[in-house]
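Q: Here it is, the structure, as structure tokens.
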Amino acid sequence: MLLALRRLFGWETSAEQSEEARDWRQYKWVILPTRQGFFARVEEIWRYRRILWFFAVQRIKDRYEGTTLGPFWLFARPLMPIAISTIVFGRLLNVPSDGVPYFLFFLAGSSCWRIFERSMLWAAQSLEAAKGLIKKVYFPRLIAPIASVAPAVTEFGILFTLLVIACIAYWVKDGVMYLRLGTGMVAAVAAVVLTCFFAVSIGLWTSVLQVRHKDVRYSVRYMSQFWNYATPVIYPMSQVPPKYHFLMYLNPMAPLVEMYKWGMLGIGVFPAKELASGLLIISIVFAAGVVYFNRSEAASVDKL
Amino acid sequence: MDSLVAEKLGKCYILQGSGVKRQTSTFRERLQPWKNADGEQSETREFWALRDLSFRLQPGSILGIIGANGAGKTTLLKILARVITPTTGRVVGVGRVVSLLELGAGFDPDLPADENILMNAAMFGIPKHEAIRRMPEIFEFAGVERFEGTPLKHYSSGMYLRLAFSVAINMNPQILLADEILAVGDQLFQDKCLQRISEDAASGLTVLFVSHDMEAIVRLCNRVMWIHAGQVMKIGEPELIVDEYQNAIWSQADASRSEKGRRANRFAEILAIRLVSDTGRDIGGAPISEDVYVKVRLHVLKAHINVRCALDVNTRGQLLFRSADPQTHRFDEEGIYDIFAKIPANLLAESTYSVTVNCSLMYHDEPREFLLVAYNALSFIAFSTEDTTVPVSGGRLQKLGLIAPKLEWTVKAEKVDAARA
């Protein structure tokens, strides 16, 4: 059992590998049909971290470079759907928002959600998008799905800025500071990091699958719409009947979004139990994802 | 110590359905397996691009890899560059591997040259400060100093190649993989590259060089590996292997094309084309010092046919000459006729030749012409029983040139004063 686990995750990194950094000329490498396991992988990504950075910058540039109204789109793109939703759900349907203005409530919820949605979509296409490079030079393929988080993080940065500006505006207007400055921020940051992590974990599966089945991308897009409604973004958790709360345990994004809103705006409760089950699900998806990615990588690259 | 050892390397691809093209399937097809049962048969078959390939190289060796398209040359390099994973076997190597698999691989056309160099360096595991230190050297070798900040999309393909090669060689590799990269680029830079590779090899660089340019292979490499259908055919001395390889591919090409052409119509049929000796016996090869004949056996199906034949003699993929019978022969009776064309002695070189026969047919005095063609119907090797070695500097003395006619050489003494004037 233990041996199987060791083999699965590749605990041992060979002695040769740890010494390589000292002198390339003496570095002895081996290419084998079976790929190295989990820890060798993490170490490899660390060695190639600059490629990761290049990739991340590249993905961000892909989105904004060459647009004439660059900075305008930067804000306009995420803001438009939020403004519309605020009018429809907040004004017309009067969806409750836990005591903060609906605009802030929705902005906070969707900024966390959007990282997830965007990263997940881009991660699914990541291997295919990097096809040109993957077929010609070697770098750890895991870098492709990981780097696809980058544009989502920039988008998050913009939404975050908007949130701060909006809070200040409400402070000036109503004299109430909705933004919760303090230790809660730590929870918010943790929520963001975990969201990225979860998106990458799913990306490990979808990116490999996408190579073989071109419809994975559409499925992900399709599913994400339902997932959005299953996550308390447009409505607060407090509006969900308690008998359906168990469903939220199955959706790791629910506690993460709640945690983010709790951290930023101080609304709702800290979702401790849901978070625990969410973390469990995320780690399973991630660990199995790495193993799956490792196993299918070679075959997928052949099919690119 | 060996710098690169490959042991029983194999790479297997699974081909799905009708062939290579169907590599993707939609979910729907996967989810409805019963549709395949009675519909189109989706069979999978294995294709071994490489099989049980083993070799070892010492530091300083320059291995040329030759073989027909699809023999597995590129697959081998891609495995060594870790772009694809082998199915079986293993490779053990020492030192940094730098690969030039394709022109400008790993370059981003939108980024300026210097940033691309940094990115490439990162891919080969070179720290940033080291890459920056080497940058002037790289630009100088490539001869593109003035275009440091220019995005690569504005580079010409020659500049692109020069930069790519310069980056690779200046990354200080212990093993360099080069796949057909010198195909582009001017002669001057090509020479510079080959020169640099030889120099670096002298100080321990191991090079694997794939090329279809046999001249470059012979010039540069100190060993050559001939790969055929994923397996090592031969490995050894460049000149020997290259010659053997070239002979083999031409005779093979002839065999595969021999069925094409129009060999019969309602007037006549070309039954056979043979190489025969003086005595009329079939021979497989042509002794260069003797006359040989191409015999065309024609079955005349209708009387009163005018026939005129022509031969195309090809070697190494080129038309060497076309020669037509100056006379038209009239066959007033049906039957089988043999037409002979003499190839004189001391014309052919030691090489493989293939012959295409064209027959023009005219019925009676009608102006219409009908043509019979037998493409590459005959292929033979011309060989020498004498010593054909010519004292020329540079090594390869035999088999140079497409033909080797015997010229008449005479010497005449002239008065010294007359020569001065």
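Here's how to read the names in the structure tokens: chain A, B, ... by the order shown, residue numbers from 1 in each chain, ligand numbers from 1 in the order shown.
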Using only C-alpha atoms, find the residues of chain B whose closest atom to chain A is at most 9 Å away, then write them as a PyMOL selection string.
A: chain B and resi 13+23-27+78-96+99-102+105-107+119-120+122-125+173-174
Q: Between B:Ala229, B:Ala404, B:Ala310, B:Leu220, which residue has the minimum interatomic distance to B:Lys11, considering only C-alpha atoms?
A: B:Ala229
Q: List every residue of stretch 20-269 of chain A that DSSP, applied to the backbone, labels as helix (DSSP H, G or I), and write the result as a PyMOL selection string.
A: chain A and resi 24-26+38-47+49-64+70-92+102-129+131-134+143-147+149-174+184-212+216-230+237-239+242-250+253-265
Q: What is the atom CA of B:His299-atom CA of B:His329 distance in Å, reported with one decimal?
A: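 The value is 13.8 Å.
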Q: Atom CA of A:Thr195 to atom CA of A:Ala129: how many Å, to one decimal?
A: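 So the two atoms, atom CA of A:Thr195 and atom CA of A:Ala129, lie 22.4 Å apart.
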Q: If we count only C-alpha atoms and set the cut-off at 8 Å, which residues sit around stretch 236-249 of chain A, ignoring sequence neighbours fewer than 4 positions away in its own chain? Please answer as a PDB file with N, CA and C atoms, in the first residue's frame.
A:
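Output contents, as saved in result-v4.pdb:
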ATOM      1  N   PRO A  96     -32.518  39.634  -1.632  1.00  0.00           N
ATOM      2  CA  PRO A  96     -31.873  40.174  -0.431  1.00  0.00           C
ATOM      3  C   PRO A  96     -30.355  40.027  -0.507  1.00  0.00           C
ATOM      4  N   SER A  97     -29.661  40.897   0.206  1.00  0.00           N
ATOM      5  CA  SER A  97     -28.209  40.883   0.086  1.00  0.00           C
ATOM      6  C   SER A  97     -27.510  41.024   1.437  1.00  0.00           C
ATOM      7  N   ASP A  98     -28.089  40.443   2.453  1.00  0.00           N
ATOM      8  CA  ASP A  98     -27.442  40.387   3.777  1.00  0.00           C
ATOM      9  C   ASP A  98     -27.068  41.757   4.334  1.00  0.00           C
ATOM     10  N   THR A 231     -24.026  28.276  -6.859  1.00  0.00           N
ATOM     11  CA  THR A 231     -23.101  28.929  -5.925  1.00  0.00           C
ATOM     12  C   THR A 231     -23.730  30.249  -5.484  1.00  0.00           C
ATOM     13  N   PRO A 232     -23.662  30.559  -4.215  1.00  0.00           N
ATOM     14  CA  PRO A 232     -24.319  31.795  -3.745  1.00  0.00           C
ATOM     15  C   PRO A 232     -23.611  33.057  -4.222  1.00  0.00           C
ATOM     16  N   ALA A 254     -19.090  27.063  -3.130  1.00  0.00           N
ATOM     17  CA  ALA A 254     -20.038  27.750  -2.251  1.00  0.00           C
ATOM     18  C   ALA A 254     -19.347  28.296  -0.989  1.00  0.00           C
ATOM     19  N   PRO A 255     -18.637  27.440  -0.236  1.00  0.00           N
ATOM     20  CA  PRO A 255     -17.959  27.987   0.940  1.00  0.00           C
ATOM     21  C   PRO A 255     -16.876  29.001   0.580  1.00  0.00           C
ATOM     22  N   GLU A 258     -18.602  32.273  -0.113  1.00  0.00           N
ATOM     23  CA  GLU A 258     -19.108  32.771   1.173  1.00  0.00           C
ATOM     24  C   GLU A 258     -17.977  33.333   2.030  1.00  0.00           C
ATOM     25  N   GLY A 268     -22.747  37.304   6.288  1.00  0.00           N
ATOM     26  CA  GLY A 268     -22.889  35.851   6.403  1.00  0.00           C
ATOM     27  C   GLY A 268     -22.083  35.337   7.585  1.00  0.00           C
ATOM     28  N   GLU A 274     -18.626  23.556   5.842  1.00  0.00           N
ATOM     29  CA  GLU A 274     -18.667  23.459   4.388  1.00  0.00           C
ATOM     30  C   GLU A 274     -17.261  23.564   3.809  1.00  0.00           C
ATOM     31  N   LEU A 275     -16.479  24.446   4.425  1.00  0.00           N
ATOM     32  CA  LEU A 275     -15.117  24.644   3.940  1.00  0.00           C
ATOM     33  C   LEU A 275     -14.313  23.361   4.090  1.00  0.00           C
ATOM     34  N   SER A 277     -15.341  20.272   4.107  1.00  0.00           N
ATOM     35  CA  SER A 277     -15.692  19.275   3.092  1.00  0.00           C
ATOM     36  C   SER A 277     -15.234  19.733   1.709  1.00  0.00           C
ATOM     37  N   GLY A 278     -15.301  21.060   1.498  1.00  0.00           N
ATOM     38  CA  GLY A 278     -14.830  21.600   0.226  1.00  0.00           C
ATOM     39  C   GLY A 278     -13.351  21.328   0.031  1.00  0.00           C
TER      40      GLY A 278
END
Q: Have a look at A:Phe270, A:Phe156, A:Phe75, A:Phe293 and name the one nearest to A:Phe116; count only C-alpha atoms.
A: A:Phe156
